[in-house]
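**Q** work.csv is reproduced in full below (CSV, C-alpha atoms).
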```csv
chain,number,residue,atom,x,y,z
D,31,MET,CA,68.6,110.7,90.4
D,32,THR,CA,69.4,108.9,93.6
D,33,GLU,CA,69.6,111.1,96.7
D,34,PRO,CA,72.6,110.6,98.9
D,35,GLY,CA,71.9,108.2,101.8
D,36,PRO,CA,72.0,109.2,105.4
D,37,ILE,CA,75.6,109.8,106.4
D,38,ARG,CA,76.9,108.5,109.7
D,39,PRO,CA,80.5,108.8,110.8
D,40,LEU,CA,82.7,106.0,109.6
D,41,THR,CA,85.2,104.2,111.8
D,42,LEU,CA,88.4,104.2,109.8
D,43,LEU,CA,90.1,100.8,109.9
D,44,GLY,CA,93.9,100.7,109.7
D,45,VAL,CA,96.2,103.3,108.2
D,46,THR,CA,95.6,104.8,104.8
D,47,GLY,CA,97.0,102.8,101.9
D,48,PRO,CA,98.0,104.2,98.5
D,49,VAL,CA,95.4,106.6,97.1
D,50,CYS,CA,94.9,109.1,94.3
D,51,GLU,CA,94.1,112.7,95.3
D,52,GLY,CA,93.6,114.8,92.2
D,53,ASP,CA,96.5,114.2,89.9
D,54,ASP,CA,98.6,113.0,92.8
D,55,CYS,CA,98.6,109.2,92.4
D,56,LEU,CA,102.2,108.4,92.3
D,57,LEU,CA,104.7,106.9,94.7
D,58,PRO,CA,107.3,109.5,95.4
D,59,ALA,CA,110.8,108.7,94.6
D,60,ASP,CA,111.5,107.6,98.2
D,61,GLY,CA,108.9,104.9,97.9
D,62,SER,CA,106.6,106.4,100.5
D,63,VAL,CA,102.9,106.9,100.0
D,64,THR,CA,100.6,109.8,100.9
D,65,ASP,CA,98.5,109.3,104.0
D,66,SER,CA,95.2,110.8,102.9
D,67,SER,CA,93.8,111.1,106.3
D,68,THR,CA,96.6,113.3,107.6
D,69,GLY,CA,98.4,114.5,104.5
D,70,ALA,CA,101.5,113.1,106.1
D,71,ARG,CA,103.9,110.8,104.3
D,72,ALA,CA,104.1,107.3,105.6
D,73,ALA,CA,106.5,104.5,104.7
D,74,SER,CA,104.9,102.0,102.4
J,661,MET,CA,70.2,91.4,106.4
J,662,THR,CA,71.1,91.5,102.7
J,663,ASP,CA,72.9,88.8,100.7
J,664,GLY,CA,76.3,89.5,101.9
J,665,VAL,CA,78.2,92.4,103.5
J,666,LYS,CA,77.5,95.6,101.7
J,667,ILE,CA,80.6,97.2,100.2
J,668,ASP,CA,80.5,100.7,98.8
J,669,ILE,CA,83.6,101.6,96.8
J,670,TRP,CA,84.4,105.1,95.7
J,671,SER,CA,86.8,105.2,92.8
J,672,ASP,CA,87.7,106.8,89.5
J,673,VAL,CA,88.3,105.0,86.2
J,674,ALA,CA,91.6,106.9,85.8
J,675,CYS,CA,92.9,106.0,89.2
J,676,PRO,CA,95.7,103.5,89.1
J,677,TRP,CA,95.4,102.6,92.8
J,678,CYS,CA,91.7,102.0,92.3
J,679,TYR,CA,92.2,99.1,89.9
J,680,ILE,CA,95.0,97.7,92.1
J,681,GLY,CA,92.7,98.2,95.2
J,682,LYS,CA,89.9,96.4,93.4
J,683,ARG,CA,92.1,93.3,92.9
J,684,ARG,CA,93.4,93.5,96.5
J,685,PHE,CA,89.9,93.8,97.9
J,686,GLU,CA,88.7,90.9,95.7
J,687,GLU,CA,91.6,88.8,97.0
J,688,GLY,CA,90.8,89.8,100.6
J,689,ALA,CA,87.1,88.8,100.1
J,690,ARG,CA,88.1,85.5,98.5
J,691,ARG,CA,90.3,84.6,101.5
J,692,THR,CA,87.5,85.1,103.9
J,693,GLY,CA,84.7,83.4,101.9
J,694,VAL,CA,82.4,86.1,103.3
J,695,PRO,CA,79.8,87.0,100.7
J,696,VAL,CA,79.8,90.6,99.7
J,697,GLN,CA,77.5,92.9,97.8
J,698,VAL,CA,79.6,95.5,96.0
J,699,GLU,CA,78.4,98.8,94.6
J,700,TYR,CA,80.7,101.3,92.9
J,701,HIS,CA,80.4,105.1,93.4
J,702,SER,CA,81.8,107.9,91.4
J,703,PHE,CA,84.7,110.1,92.3
J,704,GLU,CA,86.1,112.4,89.6
J,705,LEU,CA,89.8,113.0,90.4
J,706,SER,CA,90.5,115.5,87.6
J,707,PRO,CA,87.3,117.2,86.4
J,708,ASP,CA,89.3,119.7,84.4
J,709,THR,CA,90.8,117.1,82.2
J,710,PRO,CA,89.8,117.6,78.5
J,711,GLU,CA,88.0,114.9,76.6
J,712,THR,CA,91.3,114.1,74.8
J,713,TYR,CA,94.6,115.2,76.1
J,714,ALA,CA,97.1,115.3,73.3
J,715,GLY,CA,100.1,113.9,75.0
J,716,SER,CA,101.4,110.9,77.1
J,717,THR,CA,100.6,110.2,80.7
J,718,ALA,CA,104.1,111.1,81.6
J,719,GLU,CA,103.9,114.4,79.8
J,720,PHE,CA,100.5,115.2,81.4
J,721,LEU,CA,101.8,114.4,84.9
J,722,SER,CA,105.1,116.2,84.3
J,723,ALA,CA,103.2,119.3,83.3
J,724,HIS,CA,100.7,119.1,86.2
J,725,LYS,CA,103.2,118.2,88.9
J,726,GLY,CA,106.2,120.2,87.7
J,727,LEU,CA,108.4,117.2,87.6
J,728,PRO,CA,111.0,116.1,85.0
J,729,VAL,CA,109.5,113.5,82.6
J,730,ALA,CA,112.2,111.1,83.6
J,731,ASP,CA,111.1,111.2,87.2
J,732,VAL,CA,107.5,110.7,86.3
J,733,HIS,CA,108.5,107.7,84.1
J,734,ARG,CA,110.3,106.2,87.2
J,735,MET,CA,107.2,106.6,89.3
J,736,LEU,CA,105.0,105.1,86.6
J,737,ASP,CA,107.3,102.2,86.5
J,738,GLN,CA,106.9,101.7,90.2
J,739,VAL,CA,103.1,101.7,89.9
J,740,THR,CA,103.3,99.4,86.9
J,741,ALA,CA,105.3,96.9,88.9
J,742,ILE,CA,102.8,97.0,91.8
J,743,ALA,CA,100.0,96.5,89.4
J,744,ALA,CA,101.8,93.5,87.9
J,745,SER,CA,102.1,92.0,91.4
J,746,VAL,CA,98.3,91.7,91.4
J,747,GLY,CA,98.1,90.4,87.9
J,748,LEU,CA,97.4,93.7,86.1
J,749,HIS,CA,99.3,94.8,83.0
J,750,TYR,CA,99.4,98.6,83.1
J,751,ASP,CA,100.6,100.2,79.9
J,752,PHE,CA,101.0,103.9,80.7
J,753,ASP,CA,102.5,104.6,77.2
J,754,THR,CA,99.1,103.9,75.6
J,755,VAL,CA,96.8,105.4,78.3
J,756,ILE,CA,94.5,108.1,76.8
J,757,HIS,CA,94.0,110.8,79.4
J,758,THR,CA,90.4,112.0,79.4
J,759,LYS,CA,87.7,113.4,81.5
J,760,THR,CA,85.9,110.5,83.3
J,761,LEU,CA,82.5,112.0,83.9
J,762,LEU,CA,80.9,110.1,81.0
J,763,ALA,CA,82.6,106.9,82.2
J,764,HIS,CA,81.0,107.4,85.6
J,765,GLU,CA,77.6,107.9,83.9
J,766,LEU,CA,78.2,104.6,82.2
J,767,LEU,CA,78.8,102.9,85.5
J,768,HIS,CA,75.4,104.2,86.8
J,769,ALA,CA,73.7,103.1,83.6
J,770,ALA,CA,75.3,99.7,84.1
J,771,LYS,CA,74.0,99.6,87.7
J,772,ALA,CA,70.5,100.3,86.4
J,773,GLN,CA,70.9,97.3,84.0
J,774,GLY,CA,72.4,95.1,86.8
J,775,ARG,CA,75.8,95.0,85.2
J,776,GLN,CA,77.8,97.5,87.2
J,777,LEU,CA,80.6,95.1,88.4
J,778,GLU,CA,81.2,94.0,84.8
J,779,ALA,CA,81.3,97.6,83.6
J,780,ALA,CA,83.8,98.6,86.2
J,781,GLU,CA,86.1,95.8,85.2
J,782,VAL,CA,85.7,96.6,81.5
J,783,LEU,CA,86.4,100.3,82.1
J,784,PHE,CA,89.5,99.8,84.2
J,785,ARG,CA,90.9,97.3,81.8
J,786,ALA,CA,90.2,99.5,78.8
J,787,TYR,CA,91.9,102.5,80.4
J,788,PHE,CA,95.0,101.0,82.0
J,789,GLU,CA,95.7,97.9,79.9
J,790,GLN,CA,94.2,98.4,76.5
J,791,GLY,CA,94.9,102.1,75.7
J,792,ARG,CA,91.2,102.7,74.8
J,793,HIS,CA,89.3,106.0,75.1
J,794,VAL,CA,86.9,106.0,78.0
J,795,GLY,CA,85.6,109.6,77.5
J,796,ARG,CA,83.6,109.5,74.3
J,797,ILE,CA,80.1,108.1,73.9
J,798,ASP,CA,80.8,105.8,70.9
J,799,ASP,CA,83.7,104.2,72.8
J,800,LEU,CA,81.7,103.9,76.0
J,801,VAL,CA,78.7,102.3,74.2
J,802,GLU,CA,81.2,99.7,72.8
J,803,LEU,CA,82.7,99.1,76.2
J,804,GLY,CA,79.2,98.9,77.7
J,805,VAL,CA,78.3,96.1,75.2
J,806,GLU,CA,81.4,94.2,76.3
J,807,ALA,CA,80.0,94.5,79.8
J,808,GLY,CA,76.7,93.1,78.7
J,809,LEU,CA,74.8,96.3,78.4
J,810,ASP,CA,72.1,97.1,75.9
J,811,PRO,CA,73.6,99.4,73.3
J,812,ASP,CA,70.6,101.5,72.6
J,813,ALA,CA,69.6,102.1,76.2
J,814,THR,CA,73.2,102.8,77.0
J,815,ARG,CA,73.6,105.3,74.2
J,816,ALA,CA,70.4,107.0,75.1
J,817,ALA,CA,71.4,107.3,78.8
J,818,LEU,CA,74.8,108.8,77.8
J,819,GLU,CA,73.5,111.2,75.3
J,820,SER,CA,70.8,112.5,77.6
J,821,HIS,CA,73.1,112.5,80.6
J,822,GLU,CA,70.4,110.6,82.5
J,823,TYR,CA,72.8,109.6,85.3
J,824,VAL,CA,74.9,112.8,85.7
J,825,GLY,CA,72.8,113.6,88.8
J,826,ASP,CA,73.7,110.2,90.3
J,827,VAL,CA,77.4,110.9,89.7
J,828,GLN,CA,77.1,114.2,91.4
J,829,ALA,CA,75.2,112.6,94.3
J,830,ASP,CA,78.0,110.1,94.7
J,831,ILE,CA,80.6,112.9,94.8
J,832,ALA,CA,78.5,114.8,97.3
J,833,GLN,CA,78.3,111.7,99.5
J,834,ALA,CA,82.0,111.3,99.3
J,835,VAL,CA,82.5,114.8,100.5
J,836,ALA,CA,80.0,114.2,103.4
J,837,TYR,CA,82.1,111.2,104.4
J,838,GLY,CA,85.2,113.3,104.3
J,839,ILE,CA,86.7,111.2,101.5
J,840,ARG,CA,89.7,113.0,99.9
J,841,GLY,CA,91.4,110.2,98.0
J,842,VAL,CA,90.4,107.0,96.3
J,843,PRO,CA,89.9,104.1,96.3
J,844,PHE,CA,87.8,104.3,99.5
J,845,PHE,CA,85.8,101.4,100.8
J,846,VAL,CA,82.8,101.7,103.1
J,847,ILE,CA,82.0,98.4,104.7
J,848,ASP,CA,78.5,97.8,106.0
J,849,GLY,CA,77.9,101.6,106.0
J,850,ARG,CA,80.0,101.8,109.2
J,851,TYR,CA,83.6,101.2,108.5
J,852,GLY,CA,86.0,102.9,106.2
J,853,VAL,CA,89.1,101.5,104.6
J,854,SER,CA,91.2,104.0,102.7
J,855,GLY,CA,93.4,103.1,99.8
J,856,ALA,CA,94.7,100.1,97.9
J,857,GLN,CA,95.4,98.1,101.1
J,858,ASP,CA,96.9,94.7,101.5
J,859,PRO,CA,94.3,92.0,101.0
J,860,ASP,CA,94.6,91.0,104.6
J,861,VAL,CA,93.3,94.4,105.7
J,862,PHE,CA,90.2,93.8,103.7
J,863,ALA,CA,89.9,90.2,104.9
J,864,ASP,CA,90.2,91.3,108.6
J,865,ALA,CA,87.6,94.0,108.1
J,866,LEU,CA,85.2,91.6,106.4
J,867,ARG,CA,85.6,89.0,109.1
J,868,GLN,CA,85.0,91.6,111.8
J,869,VAL,CA,81.8,92.9,110.2
J,870,ALA,CA,80.5,89.4,109.4
J,871,ALA,CA,81.1,88.4,113.0
J,872,GLU,CA,79.3,91.5,114.3
J,873,GLN,CA,76.3,90.8,112.0
J,874,GLU,CA,76.2,87.2,113.1
J,875,SER,CA,76.2,88.2,116.8
J,876,VAL,CA,73.1,90.4,116.4
J,877,ARG,CA,71.1,87.8,114.6
```
Spit out the file's structure as structure tokens when you get a sec.

**A**
Amino acid sequence: MTEPGPIRPLTLLGVTGPVCEGDDCLLPADGSVTDSSTGARAAS
Amino acid sequence: MTDGVKIDIWSDVACPWCYIGKRRFEEGARRTGVPVQVEYHSFELSPDTPETYAGSTAEFLSAHKGLPVADVHRMLDQVTAIAASVGLHYDFDTVIHTKTLLAHELLHAAKAQGRQLEAAEVLFRAYFEQGRHVGRIDDLVELGVEAGLDPDATRAALESHEYVGDVQADIAQAVAYGIRGVPFFVIDGRYGVSGAQDPDVFADALRQVAAEQESVR
């Protein structure tokens, strides 16, 4: 088994694009996407 | 310095945005010409999914999200259209919902055999375009062979769960990074790009990292 490598903080580039979180992968009906970093909805 | 910028990608085989994000990343990298060294890491979105779910994707999502099936169909149509825009042919009517832990084990077995990128492509295509089962050992060995893996070594690895610890280590590392959704791209171990971004986002990130690496040579 491979041990996890050392973790250093990541610099997040740009806003969050479309992602899946659990079963939540779908564009909502209004065409927005989930911002994974904040949980807020952002216009796609 | 390694041969190219290191890209670590957390994804799940059953993640529609991960396959779309894969294509968008590949396009972004192509636009820059920056050589990259890609490694896939495991992220299990729905560990409670049974080996075989007796129902359609729309029914599964409707039940889990509490939405009318018609609404789910409309959402799936949107995702299908976006997939088509990057040359993918999603067919949610034939997708077989399954637990993806074994598929992740296959990805690690493939890494050990130097064929991980091929295996990732084969698994995504099997799941989203071909309606094939990616949660059973016999099916995964067959898919592994299509990715260029040795069938006997692959079957032995899957039956013994040789790589389940590596899958868990990937998931633990994702938690340590604070990754909550996939796809998630870690560039040069320093920068994170979350989601199936536009190719230009990946291109800009790659150019930035390549320029930084060049400046410290």

**Q** Mind pulling up the distance from atom CA of Tyr787 of chain J to atom CA of Asp810 of chain J?

**A**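 Taking atom CA of Asp810 of chain J and atom CA of Tyr787 of chain J, their separation equals 21.0 Å.
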
**Q** Write out as JSON, numbers by chain each polymer residue whose atoms come within 6 Å of Val842 of chain J, counting only C-alpha atoms; drop sequence neighbours fewer than 2 positions from it.

**A** {"D": [49, 50], "J": [671, 844]}

**Q** Starting from chain J, keep only residues with some atom at most 6 Å from an atom of chain D, counting only C-alpha atoms, and report them as an NGL selection string.

**A** :J and (677 or 705-706 or 735 or 825-826 or 829 or 833 or 841-842 or 850-857)

**Q** Glu719 of chain J: which residues within 12 Å, counting all atoms listed in the file, same-chain residues fewer than 2 positions away excluded, as an MDAnalysis selection string?

**A** chainID J and resid 713:717 721:733 736 752:753 755:757

**Q** Please measure the separation of atom CA of Ala741 of chain J and atom CA of Ala674 of chain J, giving the value in Å to one decimal.

**A** 17.2 Å

**Q** List every protein, DNA or RNA residue that has an atom no more than 10 Å from (81.7, 96.2, 112.2) in the file's coordinate frame, counting only C-alpha atoms, and report them as a PDB file with C-alpha atoms, in the coordinates of the input.

**A**
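Output contents, as saved in point18.pdb:
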```pdb
ATOM      1  CA  THR D  41      85.200 104.200 111.800  1.00  0.00           C
ATOM      2  CA  LEU D  43      90.100 100.800 109.900  1.00  0.00           C
TER       3      LEU D  43
ATOM      4  CA  ILE J 847      82.000  98.400 104.700  1.00  0.00           C
ATOM      5  CA  ASP J 848      78.500  97.800 106.000  1.00  0.00           C
ATOM      6  CA  GLY J 849      77.900 101.600 106.000  1.00  0.00           C
ATOM      7  CA  ARG J 850      80.000 101.800 109.200  1.00  0.00           C
ATOM      8  CA  TYR J 851      83.600 101.200 108.500  1.00  0.00           C
ATOM      9  CA  GLY J 852      86.000 102.900 106.200  1.00  0.00           C
ATOM     10  CA  ALA J 865      87.600  94.000 108.100  1.00  0.00           C
ATOM     11  CA  LEU J 866      85.200  91.600 106.400  1.00  0.00           C
ATOM     12  CA  ARG J 867      85.600  89.000 109.100  1.00  0.00           C
ATOM     13  CA  GLN J 868      85.000  91.600 111.800  1.00  0.00           C
ATOM     14  CA  VAL J 869      81.800  92.900 110.200  1.00  0.00           C
ATOM     15  CA  ALA J 870      80.500  89.400 109.400  1.00  0.00           C
ATOM     16  CA  ALA J 871      81.100  88.400 113.000  1.00  0.00           C
ATOM     17  CA  GLU J 872      79.300  91.500 114.300  1.00  0.00           C
ATOM     18  CA  GLN J 873      76.300  90.800 112.000  1.00  0.00           C
TER      19      GLN J 873
END
```
